[in-house]
Amino acid sequence: MTILILIFAVLTLLAGLVILVNPETLFGLFARHIDAPWLHISAVVVRLVLGVLLIVQSSVSRFPLVIEIIGWISIIAAVFFAVIGRENFQRIIGWALSLQEPYGRVGGVLAAGFGVFLVYSFVPGGA
């Protein structure tokens, strides 16, 4: 199961780097598909699966408590997105996309940093 977390971590790192280089690539994708049900469903499912994986695997990470907390936050976000419905989800995505111009690259740095943190947390290392 750790491999799934590492795959997510690497994809998050790559997404962050893509946002740094060309924010329109990912933000444009979300803007074009803001009405698509798959965007809302995947936002819920990815957060739910990631949250469960992080909680279950937290004990094998370098930072078990931090990873478990992130897992619970992910599950809470999944439940929140599921409960608010598609229309409100679309409003949130629209609002987030409106922040692309001033803060998009900052989000890319944060995403890349989160990906690096997860990789570091789950890749066994010796020093």
# chains A, B, ... in the order shown; residues from 1 in each chain; ligands from 1
$ closest_atom_pairs --of "stretch 30-119 of chain A" --to "stretch 23-26 of chain A" --cutoff "12 Å" --atoms "only C-alpha atoms" --output "tab-separated table"
residue	atom	partner	partner_atom	distance
A:Phe30	CA	A:Leu26	CA	6.4
A:Ala31	CA	A:Leu26	CA	8.7
A:Arg32	CA	A:Leu26	CA	9.9
A:His33	CA	A:Leu26	CA	10.8
A:Leu97	CA	A:Glu24	CA	10.2
A:Leu99	CA	A:Pro23	CA	11.4
A:Gln100	CA	A:Pro23	CA	7.7
A:Glu101	CA	A:Pro23	CA	8.7
A:Pro102	CA	A:Pro23	CA	11.1
A:Tyr103	CA	A:Pro23	CA	10.0
A:Gly104	CA	A:Pro23	CA	6.4
A:Arg105	CA	A:Pro23	CA	6.8
A:Val106	CA	A:Pro23	CA	10.3
A:Gly107	CA	A:Pro23	CA	9.5
A:Gly108	CA	A:Pro23	CA	8.0
A:Val109	CA	A:Pro23	CA	11.3
$ write_last_selection --atoms "N, CA, C and O atoms" --output "short mmCIF file (atom, residue, chain, number, x, y, z; two decimals), in the first residue's frame"
data_model
loop_
_atom_site.label_atom_id
_atom_site.label_comp_id
_atom_site.auth_asym_id
_atom_site.auth_seq_id
_atom_site.Cartn_x
_atom_site.Cartn_y
_atom_site.Cartn_z
N PHE A 30 -8.94 21.96 -15.41
CA PHE A 30 -10.02 22.05 -14.43
C PHE A 30 -11.10 23.03 -14.89
O PHE A 30 -12.29 22.76 -14.72
N ALA A 31 -10.70 24.15 -15.47
CA ALA A 31 -11.67 25.14 -15.94
C ALA A 31 -12.54 24.57 -17.06
O ALA A 31 -13.76 24.80 -17.09
N ARG A 32 -11.93 23.80 -17.96
CA ARG A 32 -12.69 23.22 -19.07
C ARG A 32 -13.66 22.14 -18.60
O ARG A 32 -14.67 21.88 -19.24
N HIS A 33 -13.35 21.49 -17.49
CA HIS A 33 -14.17 20.36 -17.02
C HIS A 33 -14.87 20.64 -15.70
O HIS A 33 -15.27 19.71 -15.01
N LEU A 97 -9.99 28.69 -8.98
CA LEU A 97 -9.42 29.03 -10.28
C LEU A 97 -9.26 30.54 -10.44
O LEU A 97 -8.36 30.99 -11.16
N LEU A 99 -8.13 32.44 -8.31
CA LEU A 99 -6.88 32.79 -7.62
C LEU A 99 -5.64 32.35 -8.39
O LEU A 99 -4.52 32.55 -7.92
N GLN A 100 -5.86 31.76 -9.56
CA GLN A 100 -4.74 31.23 -10.35
C GLN A 100 -3.72 32.30 -10.67
O GLN A 100 -2.51 32.08 -10.50
N GLU A 101 -4.17 33.44 -11.13
CA GLU A 101 -3.23 34.47 -11.58
C GLU A 101 -2.31 34.95 -10.45
O GLU A 101 -1.10 34.92 -10.60
N PRO A 102 -2.86 35.35 -9.31
CA PRO A 102 -1.93 35.84 -8.28
C PRO A 102 -1.21 34.74 -7.49
O PRO A 102 -0.11 34.96 -7.01
N TYR A 103 -1.83 33.56 -7.35
CA TYR A 103 -1.28 32.56 -6.43
C TYR A 103 -1.02 31.19 -7.05
O TYR A 103 -0.64 30.27 -6.33
N GLY A 104 -1.22 31.04 -8.33
CA GLY A 104 -1.08 29.73 -8.98
C GLY A 104 0.28 29.09 -8.77
O GLY A 104 0.39 27.93 -8.39
N ARG A 105 1.31 29.85 -8.99
CA ARG A 105 2.67 29.29 -8.85
C ARG A 105 3.01 28.99 -7.40
O ARG A 105 3.75 28.06 -7.12
N VAL A 106 2.46 29.77 -6.48
CA VAL A 106 2.65 29.47 -5.05
C VAL A 106 2.02 28.10 -4.75
O VAL A 106 2.60 27.28 -4.04
N GLY A 107 0.84 27.86 -5.32
CA GLY A 107 0.20 26.55 -5.16
C GLY A 107 1.05 25.44 -5.75
O GLY A 107 1.11 24.34 -5.21
N GLY A 108 1.71 25.73 -6.87
CA GLY A 108 2.61 24.75 -7.47
C GLY A 108 3.77 24.40 -6.55
O GLY A 108 4.14 23.24 -6.40
N VAL A 109 4.34 25.42 -5.92
CA VAL A 109 5.43 25.19 -4.97
C VAL A 109 4.93 24.35 -3.80
O VAL A 109 5.60 23.40 -3.36
#
$ residues_around --residues "A:Leu4" --least-positions-apart "4" --cutoff "10 Å" --atoms "only C-alpha atoms" --output "CSV table (one decimal) with all heavy atoms, in the first residue's frame"
chain,number,residue,atom,x,y,z
A,8,PHE,N,1.1,8.5,-5.6
A,8,PHE,CA,0.4,9.8,-5.4
A,8,PHE,C,1.4,10.9,-5.2
A,8,PHE,O,1.2,12.0,-5.7
A,8,PHE,CB,-0.6,9.7,-4.3
A,8,PHE,CG,-1.3,11.0,-3.9
A,8,PHE,CD1,-2.4,11.4,-4.7
A,8,PHE,CD2,-0.8,11.8,-2.9
A,8,PHE,CE1,-3.0,12.6,-4.4
A,8,PHE,CE2,-1.4,13.0,-2.6
A,8,PHE,CZ,-2.5,13.4,-3.4
A,9,ALA,N,2.4,10.6,-4.3
A,9,ALA,CA,3.4,11.7,-4.0
A,9,ALA,C,4.1,12.1,-5.2
A,9,ALA,O,4.3,13.4,-5.4
A,9,ALA,CB,4.3,11.1,-2.9
A,10,VAL,N,4.6,11.2,-6.1
A,10,VAL,CA,5.3,11.6,-7.3
A,10,VAL,C,4.4,12.4,-8.2
A,10,VAL,O,4.8,13.4,-8.8
A,10,VAL,CB,5.9,10.3,-7.9
A,10,VAL,CG1,6.5,10.7,-9.3
A,10,VAL,CG2,7.0,9.8,-7.0
A,49,VAL,N,-9.5,7.8,-0.5
A,49,VAL,CA,-8.6,6.7,-0.7
A,49,VAL,C,-7.2,7.1,-0.1
A,49,VAL,O,-6.6,6.4,0.7
A,49,VAL,CB,-8.4,6.2,-2.1
A,49,VAL,CG1,-7.2,5.3,-2.3
A,49,VAL,CG2,-9.7,5.6,-2.6
A,50,LEU,N,-6.8,8.3,-0.4
A,50,LEU,CA,-5.5,8.8,0.1
A,50,LEU,C,-5.5,8.9,1.6
A,50,LEU,O,-4.6,8.5,2.3
A,50,LEU,CB,-5.1,10.1,-0.5
A,50,LEU,CG,-3.8,10.7,0.0
A,50,LEU,CD1,-2.6,9.8,-0.4
A,50,LEU,CD2,-3.6,12.1,-0.4
A,53,LEU,N,-5.3,5.4,3.1
A,53,LEU,CA,-4.0,4.9,3.0
A,53,LEU,C,-3.0,5.5,3.9
A,53,LEU,O,-2.1,4.8,4.5
A,53,LEU,CB,-3.5,5.1,1.5
A,53,LEU,CG,-4.1,4.2,0.5
A,53,LEU,CD1,-3.6,4.6,-0.9
A,53,LEU,CD2,-3.6,2.7,0.7
A,54,LEU,N,-3.1,6.8,4.1
A,54,LEU,CA,-2.2,7.5,5.0
A,54,LEU,C,-2.4,7.1,6.4
A,54,LEU,O,-1.4,6.9,7.2
A,54,LEU,CB,-2.3,9.0,4.9
A,54,LEU,CG,-1.8,9.7,3.6
A,54,LEU,CD1,-2.2,11.2,3.5
A,54,LEU,CD2,-0.3,9.5,3.4
$ residues_around --residues "stretch 113-117 of chain A" --least-positions-apart "4" --cutoff "12 Å" --atoms "only C-alpha atoms" --output "list in words"
Ile5, Leu6, Ile7, Phe8, Ala9, Val10, Leu11, Thr12, Leu13, Leu14, Ala15, Gly16, Leu17, Leu20, Ser61, Arg62, Phe63, Val66, Ile67, Ile70, Val106, Gly107, Gly108, Val109, Ser121, Phe122 and Val123 of chain A
$ write_last_selection --atoms "N, CA, C and O atoms" --output "short mmCIF file (atom, residue, chain, number, x, y, z; two decimals), in the first residue's frame"
data_model
loop_
_atom_site.label_atom_id
_atom_site.label_comp_id
_atom_site.auth_asym_id
_atom_site.auth_seq_id
_atom_site.Cartn_x
_atom_site.Cartn_y
_atom_site.Cartn_z
N ILE A 5 0.86 5.30 -2.08
CA ILE A 5 1.15 6.62 -1.52
C ILE A 5 2.31 7.27 -2.28
O ILE A 5 2.26 8.46 -2.61
N LEU A 6 3.33 6.48 -2.58
CA LEU A 6 4.48 7.01 -3.32
C LEU A 6 4.08 7.43 -4.74
O LEU A 6 4.57 8.45 -5.24
N ILE A 7 3.21 6.67 -5.37
CA ILE A 7 2.73 7.06 -6.71
C ILE A 7 1.99 8.39 -6.62
O ILE A 7 2.22 9.30 -7.42
N PHE A 8 1.10 8.51 -5.63
CA PHE A 8 0.38 9.77 -5.43
C PHE A 8 1.37 10.90 -5.16
O PHE A 8 1.23 12.01 -5.70
N ALA A 9 2.38 10.64 -4.33
CA ALA A 9 3.37 11.66 -3.98
C ALA A 9 4.12 12.14 -5.22
O ALA A 9 4.30 13.36 -5.42
N VAL A 10 4.55 11.22 -6.05
CA VAL A 10 5.29 11.59 -7.27
C VAL A 10 4.39 12.36 -8.23
O VAL A 10 4.81 13.36 -8.83
N LEU A 11 3.14 11.92 -8.36
CA LEU A 11 2.20 12.65 -9.23
C LEU A 11 1.94 14.06 -8.71
O LEU A 11 1.83 15.01 -9.48
N THR A 12 1.85 14.20 -7.40
CA THR A 12 1.65 15.52 -6.79
C THR A 12 2.87 16.41 -7.03
O THR A 12 2.74 17.59 -7.38
N LEU A 13 4.05 15.84 -6.87
CA LEU A 13 5.29 16.57 -7.16
C LEU A 13 5.32 17.02 -8.61
O LEU A 13 5.60 18.18 -8.91
N LEU A 14 5.01 16.11 -9.53
CA LEU A 14 5.01 16.45 -10.95
C LEU A 14 3.96 17.51 -11.28
O LEU A 14 4.22 18.43 -12.05
N ALA A 15 2.77 17.40 -10.68
CA ALA A 15 1.73 18.40 -10.90
C ALA A 15 2.19 19.77 -10.42
O ALA A 15 1.98 20.78 -11.09
N GLY A 16 2.84 19.79 -9.26
CA GLY A 16 3.37 21.06 -8.76
C GLY A 16 4.39 21.67 -9.69
O GLY A 16 4.39 22.88 -9.93
N LEU A 17 5.26 20.84 -10.25
CA LEU A 17 6.27 21.33 -11.19
C LEU A 17 5.62 21.84 -12.48
O LEU A 17 6.04 22.85 -13.02
N LEU A 20 4.24 25.18 -11.82
CA LEU A 20 5.31 26.19 -11.78
C LEU A 20 5.71 26.63 -13.18
O LEU A 20 5.92 27.81 -13.44
N SER A 61 5.80 5.29 8.34
CA SER A 61 6.39 6.53 7.84
C SER A 61 7.38 7.09 8.85
O SER A 61 7.46 6.64 9.99
N ARG A 62 8.12 8.09 8.42
CA ARG A 62 9.07 8.76 9.31
C ARG A 62 8.35 9.68 10.30
O ARG A 62 8.93 10.03 11.33
N PHE A 63 7.14 10.09 9.97
CA PHE A 63 6.38 11.03 10.79
C PHE A 63 4.97 10.50 11.02
O PHE A 63 4.00 11.02 10.46
N VAL A 66 2.07 13.04 12.11
CA VAL A 66 1.78 14.03 11.07
C VAL A 66 1.05 13.38 9.90
O VAL A 66 0.06 13.92 9.39
N ILE A 67 1.52 12.22 9.49
CA ILE A 67 0.89 11.52 8.36
C ILE A 67 -0.54 11.11 8.71
O ILE A 67 -1.45 11.24 7.89
N ILE A 70 -2.71 14.21 8.52
CA ILE A 70 -2.97 14.54 7.11
C ILE A 70 -4.02 13.59 6.54
O ILE A 70 -4.90 13.99 5.77
N VAL A 106 2.46 29.77 -6.48
CA VAL A 106 2.65 29.47 -5.05
C VAL A 106 2.02 28.10 -4.75
O VAL A 106 2.60 27.28 -4.04
N GLY A 107 0.84 27.86 -5.32
CA GLY A 107 0.20 26.55 -5.16
C GLY A 107 1.05 25.44 -5.75
O GLY A 107 1.11 24.34 -5.21
N GLY A 108 1.71 25.73 -6.87
CA GLY A 108 2.61 24.75 -7.47
C GLY A 108 3.77 24.40 -6.55
O GLY A 108 4.14 23.24 -6.40
N VAL A 109 4.34 25.42 -5.92
CA VAL A 109 5.43 25.19 -4.97
C VAL A 109 4.93 24.35 -3.80
O VAL A 109 5.60 23.40 -3.36
N SER A 121 8.78 10.92 3.55
CA SER A 121 8.15 10.25 4.69
C SER A 121 8.07 8.74 4.52
O SER A 121 8.10 8.00 5.50
N PHE A 122 7.94 8.29 3.28
CA PHE A 122 7.67 6.87 3.04
C PHE A 122 8.81 6.09 2.39
O PHE A 122 8.73 4.87 2.29
N VAL A 123 9.83 6.79 1.90
CA VAL A 123 10.96 6.07 1.31
C VAL A 123 11.93 5.74 2.44
O VAL A 123 12.41 6.65 3.11
#
$ closest_residue --among "A:Gly28, A:Pro37, A:Pro64, A:Gly71" --to "A:Gly94" --atoms "only C-alpha atoms"
A:Gly28
$ residues_around --residues "stretch 72-84 of chain A" --least-positions-apart "2" --cutoff "6 Å" --atoms "only C-alpha atoms" --output "ChimeraX atom specification"
/A:44,47-48,51,69-70,88
$ write_last_selection --atoms "N, CA, C and O atoms" --output "tab-separated table (two decimals), in the first residue's frame"
chain	number	residue	atom	x	y	z
A	44	VAL	N	-13.53	13.59	-4.50
A	44	VAL	CA	-13.96	12.88	-3.30
A	44	VAL	C	-13.20	11.56	-3.16
A	44	VAL	O	-12.64	11.25	-2.10
A	47	ARG	N	-9.34	11.84	-2.36
A	47	ARG	CA	-9.11	12.25	-0.97
A	47	ARG	C	-9.45	11.14	0.02
A	47	ARG	O	-8.73	10.94	0.99
A	48	LEU	N	-10.52	10.44	-0.25
A	48	LEU	CA	-10.93	9.35	0.65
A	48	LEU	C	-9.91	8.22	0.63
A	48	LEU	O	-9.46	7.76	1.69
A	51	GLY	N	-6.61	9.40	2.18
A	51	GLY	CA	-6.74	9.52	3.62
A	51	GLY	C	-6.66	8.18	4.32
A	51	GLY	O	-5.93	8.03	5.31
A	69	ILE	N	-2.54	12.61	10.84
A	69	ILE	CA	-3.34	13.84	10.84
A	69	ILE	C	-3.69	14.26	9.42
A	69	ILE	O	-4.84	14.62	9.12
A	70	ILE	N	-2.71	14.21	8.52
A	70	ILE	CA	-2.97	14.54	7.11
A	70	ILE	C	-4.02	13.59	6.54
A	70	ILE	O	-4.90	13.99	5.77
A	88	ASN	N	-22.19	23.39	-5.34
A	88	ASN	CA	-21.29	24.10	-4.43
A	88	ASN	C	-19.83	23.73	-4.69
A	88	ASN	O	-18.93	24.57	-4.54
$ closest_residue --among "A:Ala112, A:Phe89, A:Ser42, A:Ser98" --to "A:Val21" --atoms "only C-alpha atoms"
A:Ala112
